[in-house]
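Text of coords-v2.txt, listed as compact mmCIF, N, CA and C atoms:
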```txt
# COMPACT_ATOMS: atom_id res chain seq x y z
N MET P 1 49.13 44.49 -51.82
CA MET P 1 48.84 45.90 -51.86
C MET P 1 50.01 46.66 -51.27
N THR P 2 50.21 47.88 -51.73
CA THR P 2 51.34 48.68 -51.24
C THR P 2 51.03 49.22 -49.85
N ILE P 3 52.03 49.76 -49.20
CA ILE P 3 51.82 50.31 -47.87
C ILE P 3 50.85 51.49 -47.93
N GLY P 4 50.93 52.29 -48.99
CA GLY P 4 50.01 53.42 -49.13
C GLY P 4 48.57 52.96 -49.31
N GLN P 5 48.38 51.93 -50.11
CA GLN P 5 47.04 51.40 -50.32
C GLN P 5 46.47 50.84 -49.02
N LEU P 6 47.29 50.08 -48.30
CA LEU P 6 46.84 49.51 -47.03
C LEU P 6 46.52 50.63 -46.04
N ALA P 7 47.37 51.64 -45.99
CA ALA P 7 47.14 52.76 -45.07
C ALA P 7 45.81 53.44 -45.37
N ARG P 8 45.54 53.70 -46.63
CA ARG P 8 44.28 54.36 -47.01
C ARG P 8 43.08 53.48 -46.68
N ARG P 9 43.15 52.21 -47.04
CA ARG P 9 42.03 51.30 -46.79
C ARG P 9 41.79 51.08 -45.30
N ALA P 10 42.86 51.02 -44.51
CA ALA P 10 42.73 50.76 -43.08
C ALA P 10 42.46 52.04 -42.28
N GLY P 11 42.70 53.19 -42.88
CA GLY P 11 42.49 54.45 -42.17
C GLY P 11 43.56 54.76 -41.14
N VAL P 12 44.78 54.29 -41.40
CA VAL P 12 45.90 54.55 -40.50
C VAL P 12 47.05 55.14 -41.32
N ALA P 13 47.97 55.75 -40.65
CA ALA P 13 49.14 56.31 -41.32
C ALA P 13 50.10 55.19 -41.72
N ALA P 14 50.82 55.41 -42.79
CA ALA P 14 51.83 54.44 -43.22
C ALA P 14 52.87 54.23 -42.13
N SER P 15 53.16 55.28 -41.38
CA SER P 15 54.12 55.15 -40.28
C SER P 15 53.62 54.18 -39.22
N ALA P 16 52.30 54.15 -39.00
CA ALA P 16 51.73 53.20 -38.04
C ALA P 16 51.93 51.77 -38.54
N LEU P 17 51.75 51.56 -39.84
CA LEU P 17 51.96 50.23 -40.40
C LEU P 17 53.41 49.80 -40.26
N ARG P 18 54.33 50.72 -40.51
CA ARG P 18 55.76 50.40 -40.34
C ARG P 18 56.05 50.07 -38.88
N PHE P 19 55.42 50.81 -37.97
CA PHE P 19 55.60 50.55 -36.55
C PHE P 19 55.04 49.18 -36.18
N TYR P 20 53.84 48.87 -36.64
CA TYR P 20 53.25 47.55 -36.37
C TYR P 20 54.16 46.44 -36.89
N GLU P 21 54.73 46.67 -38.05
CA GLU P 21 55.63 45.66 -38.62
C GLU P 21 56.89 45.52 -37.77
N ALA P 22 57.44 46.64 -37.34
CA ALA P 22 58.65 46.60 -36.49
C ALA P 22 58.37 45.91 -35.15
N GLU P 23 57.13 46.04 -34.66
CA GLU P 23 56.76 45.43 -33.38
C GLU P 23 56.33 43.97 -33.53
N GLY P 24 56.30 43.46 -34.76
CA GLY P 24 55.93 42.07 -35.00
C GLY P 24 54.44 41.82 -35.03
N LEU P 25 53.64 42.87 -35.20
CA LEU P 25 52.19 42.71 -35.26
C LEU P 25 51.68 42.49 -36.69
N LEU P 26 52.48 42.87 -37.65
CA LEU P 26 52.08 42.83 -39.04
C LEU P 26 53.29 42.39 -39.86
N ALA P 27 53.05 41.56 -40.86
CA ALA P 27 54.15 41.10 -41.71
C ALA P 27 53.87 41.47 -43.15
N GLY P 28 54.88 41.97 -43.79
CA GLY P 28 54.79 42.30 -45.20
C GLY P 28 56.00 41.73 -45.92
N SER P 29 56.04 41.99 -47.19
CA SER P 29 57.20 41.56 -47.97
C SER P 29 57.72 42.78 -48.73
N ARG P 30 58.80 42.57 -49.44
CA ARG P 30 59.39 43.66 -50.23
C ARG P 30 59.29 43.33 -51.71
N SER P 31 58.98 44.35 -52.49
CA SER P 31 58.95 44.18 -53.94
C SER P 31 60.39 44.16 -54.45
N ALA P 32 60.56 43.89 -55.72
CA ALA P 32 61.90 43.90 -56.32
C ALA P 32 62.56 45.27 -56.14
N GLY P 33 61.74 46.32 -56.12
CA GLY P 33 62.25 47.68 -55.93
C GLY P 33 62.45 48.06 -54.47
N GLY P 34 62.15 47.13 -53.56
CA GLY P 34 62.37 47.39 -52.14
C GLY P 34 61.18 48.02 -51.42
N HIS P 35 60.03 48.14 -52.10
CA HIS P 35 58.85 48.73 -51.47
C HIS P 35 58.09 47.68 -50.66
N ARG P 36 57.51 48.14 -49.55
CA ARG P 36 56.72 47.24 -48.73
C ARG P 36 55.44 46.86 -49.48
N GLN P 37 55.09 45.59 -49.35
CA GLN P 37 53.84 45.09 -49.91
C GLN P 37 53.18 44.17 -48.89
N TYR P 38 51.85 44.20 -48.87
CA TYR P 38 51.10 43.41 -47.91
C TYR P 38 50.02 42.60 -48.62
N PRO P 39 49.73 41.41 -48.12
CA PRO P 39 48.62 40.64 -48.68
C PRO P 39 47.30 41.30 -48.28
N ARG P 40 46.24 40.99 -49.00
CA ARG P 40 44.95 41.61 -48.73
C ARG P 40 44.45 41.33 -47.31
N HIS P 41 44.79 40.17 -46.78
CA HIS P 41 44.30 39.84 -45.43
C HIS P 41 44.96 40.70 -44.35
N ALA P 42 46.00 41.45 -44.70
CA ALA P 42 46.62 42.36 -43.74
C ALA P 42 45.63 43.43 -43.31
N LEU P 43 44.67 43.75 -44.17
CA LEU P 43 43.64 44.74 -43.83
C LEU P 43 42.84 44.29 -42.61
N ARG P 44 42.48 43.01 -42.56
CA ARG P 44 41.74 42.49 -41.41
C ARG P 44 42.63 42.47 -40.16
N ARG P 45 43.90 42.17 -40.33
CA ARG P 45 44.82 42.16 -39.19
C ARG P 45 44.96 43.56 -38.60
N VAL P 46 45.07 44.56 -39.47
CA VAL P 46 45.16 45.95 -38.98
C VAL P 46 43.85 46.33 -38.28
N ALA P 47 42.72 45.92 -38.84
CA ALA P 47 41.44 46.20 -38.19
C ALA P 47 41.39 45.57 -36.80
N PHE P 48 41.91 44.35 -36.68
CA PHE P 48 41.97 43.67 -35.38
C PHE P 48 42.83 44.47 -34.40
N ILE P 49 43.99 44.91 -34.86
CA ILE P 49 44.90 45.69 -34.01
C ILE P 49 44.21 46.97 -33.54
N ARG P 50 43.57 47.69 -34.46
CA ARG P 50 42.91 48.95 -34.11
C ARG P 50 41.74 48.72 -33.16
N ALA P 51 40.97 47.66 -33.38
CA ALA P 51 39.85 47.36 -32.48
C ALA P 51 40.36 47.01 -31.09
N ALA P 52 41.42 46.24 -31.02
CA ALA P 52 41.99 45.87 -29.71
C ALA P 52 42.55 47.11 -29.01
N GLN P 53 43.14 48.03 -29.76
CA GLN P 53 43.62 49.27 -29.16
C GLN P 53 42.45 50.09 -28.63
N ALA P 54 41.34 50.12 -29.38
CA ALA P 54 40.17 50.87 -28.95
C ALA P 54 39.60 50.30 -27.65
N VAL P 55 39.76 49.00 -27.46
CA VAL P 55 39.33 48.36 -26.23
C VAL P 55 40.23 48.77 -25.06
N GLY P 56 41.44 49.21 -25.39
CA GLY P 56 42.37 49.64 -24.35
C GLY P 56 43.55 48.72 -24.15
N LEU P 57 43.72 47.76 -25.04
CA LEU P 57 44.85 46.85 -24.91
C LEU P 57 46.14 47.50 -25.37
N SER P 58 47.21 47.14 -24.73
CA SER P 58 48.53 47.62 -25.12
C SER P 58 49.03 46.80 -26.31
N LEU P 59 50.01 47.32 -27.01
CA LEU P 59 50.55 46.57 -28.15
C LEU P 59 51.14 45.23 -27.72
N PRO P 60 51.84 45.13 -26.58
CA PRO P 60 52.30 43.80 -26.16
C PRO P 60 51.15 42.82 -25.91
N GLN P 61 50.03 43.31 -25.37
CA GLN P 61 48.87 42.44 -25.16
C GLN P 61 48.28 41.99 -26.50
N ILE P 62 48.24 42.90 -27.46
CA ILE P 62 47.73 42.57 -28.79
C ILE P 62 48.64 41.56 -29.46
N LYS P 63 49.94 41.77 -29.33
CA LYS P 63 50.91 40.84 -29.93
C LYS P 63 50.74 39.45 -29.33
N ALA P 64 50.55 39.39 -28.01
CA ALA P 64 50.36 38.09 -27.36
C ALA P 64 49.08 37.42 -27.86
N ALA P 65 48.03 38.20 -28.06
CA ALA P 65 46.77 37.64 -28.57
C ALA P 65 46.96 37.11 -29.99
N LEU P 66 47.64 37.87 -30.83
CA LEU P 66 47.88 37.43 -32.20
C LEU P 66 48.77 36.19 -32.24
N ALA P 67 49.66 36.07 -31.27
CA ALA P 67 50.56 34.91 -31.23
C ALA P 67 49.81 33.61 -30.94
N THR P 68 48.59 33.70 -30.42
CA THR P 68 47.81 32.50 -30.15
C THR P 68 47.17 31.92 -31.41
N LEU P 69 47.23 32.67 -32.50
CA LEU P 69 46.62 32.21 -33.75
C LEU P 69 47.59 31.28 -34.48
N PRO P 70 47.09 30.18 -35.01
CA PRO P 70 47.97 29.24 -35.72
C PRO P 70 48.60 29.89 -36.95
N ASP P 71 49.86 29.64 -37.15
CA ASP P 71 50.60 30.11 -38.32
C ASP P 71 50.48 31.62 -38.55
N SER P 72 50.29 32.38 -37.47
CA SER P 72 50.18 33.84 -37.56
C SER P 72 49.11 34.28 -38.56
N ARG P 73 48.04 33.50 -38.67
CA ARG P 73 47.01 33.83 -39.64
C ARG P 73 46.19 35.03 -39.17
N THR P 74 45.40 35.53 -40.09
CA THR P 74 44.52 36.65 -39.80
C THR P 74 43.39 36.18 -38.89
N PRO P 75 43.03 36.96 -37.88
CA PRO P 75 41.95 36.56 -36.97
C PRO P 75 40.61 36.41 -37.70
N THR P 76 39.89 35.40 -37.33
CA THR P 76 38.55 35.18 -37.86
C THR P 76 37.53 35.73 -36.86
N LYS P 77 36.26 35.66 -37.23
CA LYS P 77 35.19 36.08 -36.31
C LYS P 77 35.23 35.25 -35.03
N ALA P 78 35.47 33.95 -35.17
CA ALA P 78 35.55 33.06 -34.00
C ALA P 78 36.74 33.42 -33.12
N ASP P 79 37.87 33.77 -33.77
CA ASP P 79 39.05 34.19 -32.99
C ASP P 79 38.73 35.44 -32.18
N TRP P 80 38.08 36.40 -32.86
CA TRP P 80 37.73 37.65 -32.17
C TRP P 80 36.82 37.36 -30.98
N ALA P 81 35.83 36.50 -31.16
CA ALA P 81 34.91 36.17 -30.07
C ALA P 81 35.66 35.56 -28.89
N ARG P 82 36.58 34.65 -29.19
CA ARG P 82 37.34 33.99 -28.12
C ARG P 82 38.25 34.98 -27.41
N LEU P 83 38.98 35.77 -28.17
CA LEU P 83 39.93 36.70 -27.58
C LEU P 83 39.22 37.82 -26.82
N SER P 84 38.16 38.36 -27.41
CA SER P 84 37.46 39.46 -26.76
C SER P 84 36.77 39.01 -25.47
N ALA P 85 36.32 37.76 -25.43
CA ALA P 85 35.73 37.24 -24.19
C ALA P 85 36.77 37.20 -23.08
N ALA P 86 38.01 36.91 -23.43
CA ALA P 86 39.08 36.89 -22.43
C ALA P 86 39.41 38.30 -21.93
N TRP P 87 39.10 39.30 -22.73
CA TRP P 87 39.40 40.69 -22.34
C TRP P 87 38.30 41.32 -21.50
N ALA P 88 37.15 40.68 -21.39
CA ALA P 88 36.03 41.24 -20.64
C ALA P 88 36.41 41.57 -19.19
N PRO P 89 37.09 40.69 -18.45
CA PRO P 89 37.46 41.04 -17.07
C PRO P 89 38.38 42.27 -17.00
N LEU P 90 39.27 42.41 -17.98
CA LEU P 90 40.14 43.58 -18.04
C LEU P 90 39.31 44.85 -18.21
N LEU P 91 38.35 44.81 -19.11
CA LEU P 91 37.48 45.96 -19.32
C LEU P 91 36.64 46.26 -18.09
N ASP P 92 36.11 45.21 -17.45
CA ASP P 92 35.32 45.40 -16.24
C ASP P 92 36.15 46.08 -15.15
N ALA P 93 37.41 45.66 -15.01
CA ALA P 93 38.29 46.26 -14.00
C ALA P 93 38.58 47.72 -14.32
N ARG P 94 38.79 48.04 -15.59
CA ARG P 94 39.04 49.43 -15.98
C ARG P 94 37.81 50.29 -15.75
N ILE P 95 36.64 49.77 -16.09
CA ILE P 95 35.40 50.51 -15.87
C ILE P 95 35.21 50.78 -14.39
N ALA P 96 35.45 49.78 -13.55
CA ALA P 96 35.31 49.95 -12.10
C ALA P 96 36.30 50.99 -11.58
N ALA P 97 37.53 50.96 -12.07
CA ALA P 97 38.53 51.94 -11.63
C ALA P 97 38.14 53.35 -12.05
N LEU P 98 37.62 53.50 -13.26
CA LEU P 98 37.19 54.82 -13.71
C LEU P 98 35.98 55.32 -12.93
N GLN P 99 35.06 54.43 -12.60
CA GLN P 99 33.90 54.84 -11.80
C GLN P 99 34.35 55.27 -10.40
N LYS P 100 35.30 54.56 -9.84
CA LYS P 100 35.82 54.92 -8.52
C LYS P 100 36.52 56.28 -8.60
N LEU P 101 37.31 56.49 -9.64
CA LEU P 101 37.98 57.76 -9.83
C LEU P 101 36.97 58.89 -9.97
N ARG P 102 35.92 58.66 -10.75
CA ARG P 102 34.88 59.69 -10.92
C ARG P 102 34.26 60.04 -9.57
N GLY P 103 33.99 59.06 -8.75
CA GLY P 103 33.42 59.31 -7.42
C GLY P 103 34.37 60.09 -6.53
N GLN P 104 35.63 59.78 -6.59
CA GLN P 104 36.62 60.49 -5.78
C GLN P 104 36.80 61.92 -6.28
N LEU P 105 36.78 62.09 -7.57
CA LEU P 105 36.96 63.41 -8.14
C LEU P 105 35.81 64.32 -7.73
N THR P 106 34.60 63.80 -7.81
CA THR P 106 33.43 64.59 -7.44
C THR P 106 33.48 64.96 -5.96
N SER P 107 33.84 64.02 -5.11
CA SER P 107 33.88 64.33 -3.68
C SER P 107 34.99 65.30 -3.36
N CYS P 108 36.08 65.22 -4.08
CA CYS P 108 37.20 66.13 -3.83
C CYS P 108 36.82 67.55 -4.25
N ILE P 109 36.25 67.71 -5.41
CA ILE P 109 35.86 69.03 -5.87
C ILE P 109 34.68 69.54 -5.07
N GLY P 110 33.78 68.65 -4.69
CA GLY P 110 32.56 69.04 -3.99
C GLY P 110 32.80 69.67 -2.64
N CYS P 111 33.89 69.33 -1.96
CA CYS P 111 34.09 69.87 -0.61
C CYS P 111 34.52 71.33 -0.66
N GLY P 112 35.16 71.74 -1.75
CA GLY P 112 35.53 73.14 -1.90
C GLY P 112 36.73 73.59 -1.10
N CYS P 113 37.32 72.71 -0.29
CA CYS P 113 38.44 73.15 0.54
C CYS P 113 39.77 73.13 -0.20
N LEU P 114 39.86 72.33 -1.27
CA LEU P 114 41.10 72.16 -2.03
C LEU P 114 42.26 71.71 -1.15
N SER P 115 41.96 71.04 -0.08
CA SER P 115 42.98 70.57 0.86
C SER P 115 43.59 69.27 0.37
N LEU P 116 44.90 69.25 0.22
CA LEU P 116 45.56 68.01 -0.17
C LEU P 116 45.47 66.98 0.95
N LYS P 117 45.30 67.47 2.20
CA LYS P 117 45.18 66.53 3.31
C LYS P 117 43.87 65.75 3.22
N ALA P 118 42.83 66.39 2.76
CA ALA P 118 41.52 65.76 2.72
C ALA P 118 41.21 65.14 1.36
N CYS P 119 42.02 65.39 0.36
CA CYS P 119 41.70 64.95 -0.99
C CYS P 119 42.05 63.47 -1.18
N ALA P 120 41.05 62.68 -1.48
CA ALA P 120 41.27 61.23 -1.67
C ALA P 120 42.02 60.93 -2.95
N LEU P 121 42.03 61.85 -3.90
CA LEU P 121 42.75 61.61 -5.14
C LEU P 121 44.25 61.79 -4.97
N TYR P 122 44.65 62.89 -4.36
CA TYR P 122 46.06 63.20 -4.27
C TYR P 122 46.73 62.66 -3.02
N ASN P 123 45.95 62.41 -1.99
CA ASN P 123 46.53 62.00 -0.72
C ASN P 123 45.64 60.97 -0.04
N PRO P 124 45.53 59.78 -0.62
CA PRO P 124 44.67 58.76 0.01
C PRO P 124 45.21 58.39 1.38
N GLN P 125 44.28 58.24 2.32
CA GLN P 125 44.62 57.87 3.70
C GLN P 125 45.59 58.85 4.36
N ASP P 126 45.67 60.07 3.86
CA ASP P 126 46.54 61.11 4.40
C ASP P 126 48.00 60.65 4.49
N GLU P 127 48.48 60.00 3.44
CA GLU P 127 49.84 59.47 3.41
C GLU P 127 50.90 60.57 3.45
N ALA P 128 50.58 61.75 2.95
CA ALA P 128 51.56 62.84 2.91
C ALA P 128 51.90 63.38 4.29
N ARG P 129 51.07 63.08 5.27
CA ARG P 129 51.30 63.56 6.63
C ARG P 129 52.68 63.13 7.14
N ALA P 130 53.13 61.95 6.73
CA ALA P 130 54.40 61.42 7.21
C ALA P 130 55.60 62.19 6.65
N THR P 131 55.42 62.97 5.59
CA THR P 131 56.55 63.68 4.99
C THR P 131 56.73 65.10 5.52
N GLY P 132 55.83 65.53 6.41
CA GLY P 132 55.99 66.85 7.02
C GLY P 132 54.81 67.77 6.77
N PRO P 133 54.88 68.99 7.34
CA PRO P 133 53.76 69.93 7.22
C PRO P 133 53.75 70.64 5.87
N GLY P 134 52.63 71.26 5.58
CA GLY P 134 52.51 72.07 4.37
C GLY P 134 52.11 71.25 3.16
N PRO P 135 52.10 71.89 2.01
CA PRO P 135 51.67 71.22 0.79
C PRO P 135 52.75 70.28 0.25
N ARG P 136 52.97 69.19 0.95
CA ARG P 136 54.05 68.25 0.61
C ARG P 136 53.92 67.67 -0.79
N LEU P 137 52.74 67.30 -1.18
CA LEU P 137 52.58 66.68 -2.49
C LEU P 137 52.86 67.67 -3.61
N LEU P 138 52.45 68.90 -3.40
CA LEU P 138 52.71 69.92 -4.41
C LEU P 138 54.21 70.12 -4.55
N ARG P 139 54.94 70.15 -3.47
CA ARG P 139 56.39 70.30 -3.52
C ARG P 139 57.05 69.09 -4.20
N ILE P 140 56.59 67.91 -3.86
CA ILE P 140 57.17 66.70 -4.44
C ILE P 140 57.00 66.71 -5.95
N GLU P 141 55.80 67.07 -6.42
CA GLU P 141 55.54 67.09 -7.86
C GLU P 141 56.36 68.13 -8.58
N THR P 142 56.56 69.31 -7.97
CA THR P 142 57.28 70.38 -8.66
C THR P 142 58.79 70.22 -8.52
N GLU P 143 59.26 69.45 -7.55
CA GLU P 143 60.70 69.26 -7.37
C GLU P 143 61.27 68.23 -8.31
N ARG P 144 60.44 67.47 -8.96
CA ARG P 144 60.90 66.40 -9.87
C ARG P 144 61.53 66.95 -11.10
```
Output the file's structure in the form of structure tokens.
Amino acid sequence: MTIGQLARRAGVAASALRFYEAEGLLAGSRSAGGHRQYPRHALRRVAFIRAAQAVGLSLPQIKAALATLPDSRTPTKADWARLSAAWAPLLDARIAALQKLRGQLTSCIGCGCLSLKACALYNPQDEARATGPGPRLLRIETER
């Protein structure tokens, strides 16, 4: 199938497919006229890439997962089960970090003081105290 056909069927831009190919996530061939062409199973590979991205994996992590497949074949249902089970701890850690962030955000906004000294998000453990008086973190961020 052509790059346009694959893009339409997969619901991604052709530029994304070219990027995936450049990153080694997807392999295609060239027609006699120099146009990109992909086998039908590339559709499942793109679906795998998109699903892994939706989970929050980076492209290098996805590439490493795909590299575990024999002969760079398209992932099967069993492959997905095995790989996704390995990603569960990563997801659990991200969920825990987001829940912690949500708790800190609520407590920071809830106090109403808007003090960078007391804000657990911007100044955990009052680390900015060592850099001097005043709104040190605000200065640091704007001086960059």
Dump as a VMD selection string all residues having an atom at most 9 Å from (50.5, 37.8, -47.7), computed in the file's coordinates with only C-alpha atoms.
chain P and resid 27 to 29 37 to 42
Between atom CA of Leu98 of chain P and atom CA of Ala16 of chain P, what distance in Å does the model show, to one decimal?
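Computing it gives 28.4 Å between the two atoms.
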Suppose you want the space between atom CA of Val55 of chain P and atom C of Asp71 of chain P; what is it in Å?
23.6 Å
Between atom N of Leu90 of chain P and atom C of Ala10 of chain P, what distance in Å does the model show, to one decimal?
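One can read the atom N of Leu90 of chain P to atom C of Ala10 of chain P distance as 26.3 Å.
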